[in-house]
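Structure first, commentary second.
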Amino acid sequence: MLTNNMSVNKLLSMTTPTSTFAPQVASFFDPDTSTFTHVVWDETGGRAAVIDPVLGFDPASGLTSLVPLQPVLDHLRLHHLTLDWILETHAHADHLSSAPQLQARMGGRIAIGRGIAGVQATFKRLFHLEPELPTDGRPFDHLFDDGERFQIGRLQAQAWHVPGHTPADIAYVVGDAVFVGDTLFPPDVGTARCDFPGGDARALYRSVQRLLSLPADTRLYMCHDYPSTGRPVEAMTPAGRQAELHVHVHRGIDEAGFVAMRHARDAVLAPPRLMIPSIQVNIRAGHWPAPDPADPAGGQYLKQPIRPPRDPLASH
Ligand SMILES: [Fe+2]
């Protein structure tokens with residue numbers, strides 16, 4: 001696992017430009033959840049943001065692990081970086097966030113799109129979560145509006161609302177680097193599913209078109225890769241290459257065609273392996289539910305719905 005993380009980082013560090021307008025980026029791949037965490041920074045000894053940090057989680061035992069976060073911490077320390085921001089692209093359904101664990105060690109403000117309030121309300125209702133759980137964006141430290149500008153040290157950054165996968169997805173534009181979250185995956189892999197509550201394939205198509213309208217050499221950093229052909233994982237694809245080669249959204253694919261494809265694919269996708277725990281943690285900015293008062297040891301617990309089996313005769 002460490003070897004994979006190190007090799008991806010080494011590869012990307014070798015190929016990443018270093019001016020203020022082409023910020024430095026290092027990417028770290030967690031093979032257990034196929035997720036990239038990205039670090040973007042202005043200069044050694046300067047300021048940084050971390051995008052989508054991952055917490056290791058074993059659902060069978062409930063044990064968590066900082067293994068996916070460790071190379072990110074090492075990188076920040078190696079380059080003497082001060083962490084300004086911990087940026088979530090959305091409430092992930094495939095991994096738990098390690099934003100609070102990162103914040104406890106390195107500081108920084110945990111941020112996400114303003115639409116997270118609606119996502120919190122939806123899942124509070126679906127999971128029958130505790131009445132006191134906020135649905136106004138807390139406990140995130142900051143909620144971004146579409147087009148909002150912010151600084152990462154000397155770097156100018158901007159939040160773009162790119163809904164579709166969820167209603168609240170944000171892409172972070174930092175110079176010529178854009179952290180696109182779950183909109184696009186590498187060209188041979190496809191696009192994000194749109195069948196979660198509030199998902200909208202039409203909106204995703206429009207969000208992707210917004211990203212692909214950027215200059216061809218814009219670096220698009222993705223949240224995931226699921227290579228099927230034995231190629232190395234790919235953290236970044238230039239916008240021009242996506243527009244030319246992307247299996248779901250290359251030039252010539254119109255909105256109606258994309259929506260029909262997305263609906264057909266989503267109809268047969270299984271839920272993500274870590275969906276139930278991930279959602280409950282990630283709508284709390286990575287924090288866990290309060291200790292259970294019924295547990296003298298102060299244990300923390302997530303909910304797991306259980307449903308009756310489908311009656312095989314019901315449709316006859
Ligand atoms: Fe996602």
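Chain labels run A, B, ... following the order of the structure tokens; each chain numbers its residues from 1, and ligands are numbered from 1 in the order shown.
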
### Message
At a cut-off of 12 Å, using only C-alpha atoms, what residues contact A:Ser213? Leave out same-chain residues fewer than 2 positions from it and give the result as a PyMOL selection string.
### Response
chain A and resi 206-211+215-218+220+238-240+242-243+251

#### Entry: Environment of ligand 1 within 8 Å, counting only C-alpha atoms and all ligand atoms, reported as a list in words
His90, Ala91, His92, Ala93, Asp94, His165, Thr166, Gly181, Asp182 and Ala192 of chain A

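For A:Gly62, the set of protein, DNA and RNA residues having any atom at most 10 Å away, when counting only C-alpha atoms and skipping those fewer than 5 positions along the same chain, is Phe57, Pro277, Gln300, Tyr301 and Leu302 of chain A.
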
Would you write out those residues with C-alpha atoms, as a PDB file, in the first residue's frame?
```
ATOM      1  CA  PHE A  57     -11.931   1.793   7.896  1.00  0.00           C
ATOM      2  CA  PRO A 277     -20.786   4.258   7.391  1.00  0.00           C
ATOM      3  CA  GLN A 300     -19.209   5.543  19.374  1.00  0.00           C
ATOM      4  CA  TYR A 301     -21.632   3.747  17.057  1.00  0.00           C
ATOM      5  CA  LEU A 302     -22.966   4.100  13.526  1.00  0.00           C
TER       6      LEU A 302
END
```

### Message
Please identify the strand (DSSP E or B) residues within stretch 56-172 of chain A (assignment by DSSP from backbone atoms) and present them as a ChimeraX atom specification.
### Response
/A:56-58,63-65,82-87,96-97,109-113,142-144,149-152,155-161,170-172

Write a file of the selected residues as a compact mmCIF listing (two decimals), in the first residue's frame, keeping N, CA and C atoms.
```txt
# COMPACT_ATOMS: atom_id res chain seq x y z
N GLY A 56 -8.76 5.22 6.87
CA GLY A 56 -8.92 3.79 6.69
C GLY A 56 -10.03 3.28 7.59
N PHE A 57 -10.82 2.31 7.10
CA PHE A 57 -11.93 1.79 7.90
C PHE A 57 -12.20 0.34 7.52
N ASP A 58 -12.23 -0.50 8.57
CA ASP A 58 -12.58 -1.91 8.38
C ASP A 58 -13.98 -2.12 8.93
N LEU A 63 -12.63 -0.90 13.17
CA LEU A 63 -11.33 -0.26 13.39
C LEU A 63 -11.03 0.77 12.29
N THR A 64 -10.53 1.93 12.72
CA THR A 64 -10.10 2.93 11.75
C THR A 64 -8.57 2.96 11.72
N SER A 65 -8.05 3.61 10.68
CA SER A 65 -6.60 3.63 10.49
C SER A 65 -6.19 4.92 9.81
N THR A 82 2.24 24.96 5.89
CA THR A 82 1.16 25.30 6.81
C THR A 82 -0.16 25.00 6.11
N LEU A 83 -1.03 24.26 6.77
CA LEU A 83 -2.27 23.84 6.13
C LEU A 83 -3.36 24.90 6.35
N ASP A 84 -3.78 25.55 5.27
CA ASP A 84 -4.84 26.56 5.36
C ASP A 84 -6.22 25.92 5.27
N TRP A 85 -6.34 24.92 4.38
CA TRP A 85 -7.68 24.39 4.05
C TRP A 85 -7.66 22.87 3.97
N ILE A 86 -8.75 22.28 4.42
CA ILE A 86 -9.05 20.86 4.15
C ILE A 86 -10.35 20.89 3.35
N LEU A 87 -10.25 20.58 2.07
CA LEU A 87 -11.35 20.80 1.13
C LEU A 87 -12.00 19.47 0.77
N LEU A 96 -14.50 7.01 4.30
CA LEU A 96 -14.67 7.95 5.40
C LEU A 96 -13.62 9.05 5.27
N SER A 97 -14.01 10.26 5.59
CA SER A 97 -13.06 11.39 5.58
C SER A 97 -12.18 11.36 6.82
N ARG A 109 -8.91 24.82 7.89
CA ARG A 109 -10.38 24.90 7.99
C ARG A 109 -11.00 23.85 7.09
N ILE A 110 -11.96 23.11 7.63
CA ILE A 110 -12.64 22.06 6.85
C ILE A 110 -13.80 22.71 6.09
N ALA A 111 -13.79 22.57 4.77
CA ALA A 111 -14.78 23.26 3.95
C ALA A 111 -15.40 22.31 2.94
N ILE A 112 -16.60 22.69 2.47
CA ILE A 112 -17.37 21.92 1.48
C ILE A 112 -18.35 22.90 0.84
N GLY A 113 -19.12 22.45 -0.13
CA GLY A 113 -20.10 23.33 -0.77
C GLY A 113 -21.29 23.62 0.13
N HIS A 142 -16.40 26.04 6.95
CA HIS A 142 -16.73 27.01 5.91
C HIS A 142 -17.55 26.32 4.82
N LEU A 143 -18.53 27.03 4.28
CA LEU A 143 -19.35 26.53 3.17
C LEU A 143 -19.14 27.43 1.96
N PHE A 144 -18.74 26.84 0.83
CA PHE A 144 -18.45 27.63 -0.36
C PHE A 144 -19.69 27.82 -1.23
N ARG A 149 -14.25 33.08 -4.30
CA ARG A 149 -12.79 33.08 -4.40
C ARG A 149 -12.18 32.98 -3.01
N PHE A 150 -11.02 32.33 -2.94
CA PHE A 150 -10.30 32.24 -1.67
C PHE A 150 -8.81 32.07 -1.97
N GLN A 151 -8.00 32.16 -0.93
CA GLN A 151 -6.54 32.11 -1.07
C GLN A 151 -5.98 30.85 -0.45
N ILE A 152 -4.97 30.28 -1.08
CA ILE A 152 -4.13 29.27 -0.44
C ILE A 152 -2.73 29.87 -0.48
N LEU A 155 -1.62 31.55 -3.70
CA LEU A 155 -2.43 31.01 -4.79
C LEU A 155 -3.86 31.53 -4.72
N GLN A 156 -4.37 31.98 -5.88
CA GLN A 156 -5.79 32.33 -5.99
C GLN A 156 -6.56 31.05 -6.27
N ALA A 157 -7.67 30.88 -5.56
CA ALA A 157 -8.49 29.69 -5.78
C ALA A 157 -9.95 30.10 -5.90
N GLN A 158 -10.73 29.21 -6.50
CA GLN A 158 -12.16 29.49 -6.67
C GLN A 158 -12.94 28.18 -6.55
N ALA A 159 -14.12 28.27 -5.94
CA ALA A 159 -15.01 27.10 -5.83
C ALA A 159 -16.04 27.15 -6.96
N TRP A 160 -16.19 26.02 -7.63
CA TRP A 160 -17.23 25.91 -8.67
C TRP A 160 -18.24 24.87 -8.22
N HIS A 161 -19.51 25.22 -8.23
CA HIS A 161 -20.56 24.25 -7.93
C HIS A 161 -20.77 23.37 -9.17
N ILE A 170 -18.52 20.25 -5.33
CA ILE A 170 -17.71 21.43 -5.63
C ILE A 170 -16.44 20.98 -6.33
N ALA A 171 -16.03 21.71 -7.37
CA ALA A 171 -14.69 21.58 -7.95
C ALA A 171 -13.88 22.78 -7.47
N TYR A 172 -12.62 22.54 -7.14
CA TYR A 172 -11.75 23.61 -6.65
C TYR A 172 -10.75 23.96 -7.75
```

Write out as a CSV table (one decimal) with C-alpha atoms, in the first residue's frame which residues come within 12 Å of A:Arg265 when counting only C-alpha atoms, dropping same-chain ones fewer than 3 positions away.
```csv
chain,number,residue,atom,x,y,z
A,190,GLY,CA,-16.2,7.2,-17.1
A,191,THR,CA,-18.3,9.5,-14.9
A,192,ALA,CA,-19.8,9.4,-11.4
A,193,ARG,CA,-23.1,7.7,-10.7
A,194,CYS,CA,-26.1,10.0,-10.4
A,195,ASP,CA,-28.5,7.7,-8.5
A,201,ALA,CA,-27.6,13.1,-14.7
A,248,HIS,CA,-18.9,9.0,-21.6
A,258,PHE,CA,-25.4,11.0,-21.8
A,259,VAL,CA,-28.5,11.0,-19.6
A,260,ALA,CA,-29.8,7.8,-21.2
A,261,MET,CA,-26.4,6.1,-20.8
A,262,ARG,CA,-26.1,7.2,-17.1
A,268,VAL,CA,-27.5,-1.9,-12.3
A,269,LEU,CA,-24.9,-0.5,-10.0
A,270,ALA,CA,-24.6,-2.0,-6.5
```

### Message
Using only C-alpha atoms for the distances, tell me which of A:Leu313, A:Ala99, A:Ala49, A:Val162 is nearest to A:Gly147.
### Response
A:Val162

### Task
Give the helix (DSSP H, G or I) residues of stretch 27-94 of chain A, as assigned by DSSP on the backbone, as a ChimeraX atom specification.
/A:70-78

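Shortest separation to A:Ala60 among A:Leu133, A:Ala294, A:Leu274, A:Ile116 occurs at residue A:Leu274, atoms counted being only C-alpha atoms.
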
### Query
Which of these residues is nearest to A:Ser278, using only C-alpha atoms: A:Gln304, A:Arg241, A:Leu184, A:Ala104?
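Result for the nearest residue to A:Ser278: A:Gln304.
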
### Query
From the list A:Trp41, A:Ala22, A:Pro187, A:Cys223, which residue is nearest A:Leu245 when using only C-alpha atoms?
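Checking each candidate against A:Leu245, we get A:Pro187 as the closest.
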
### Query
atom CA of A:His224 and atom CA of A:Ala48 are how many Å apart?
21.1 Å
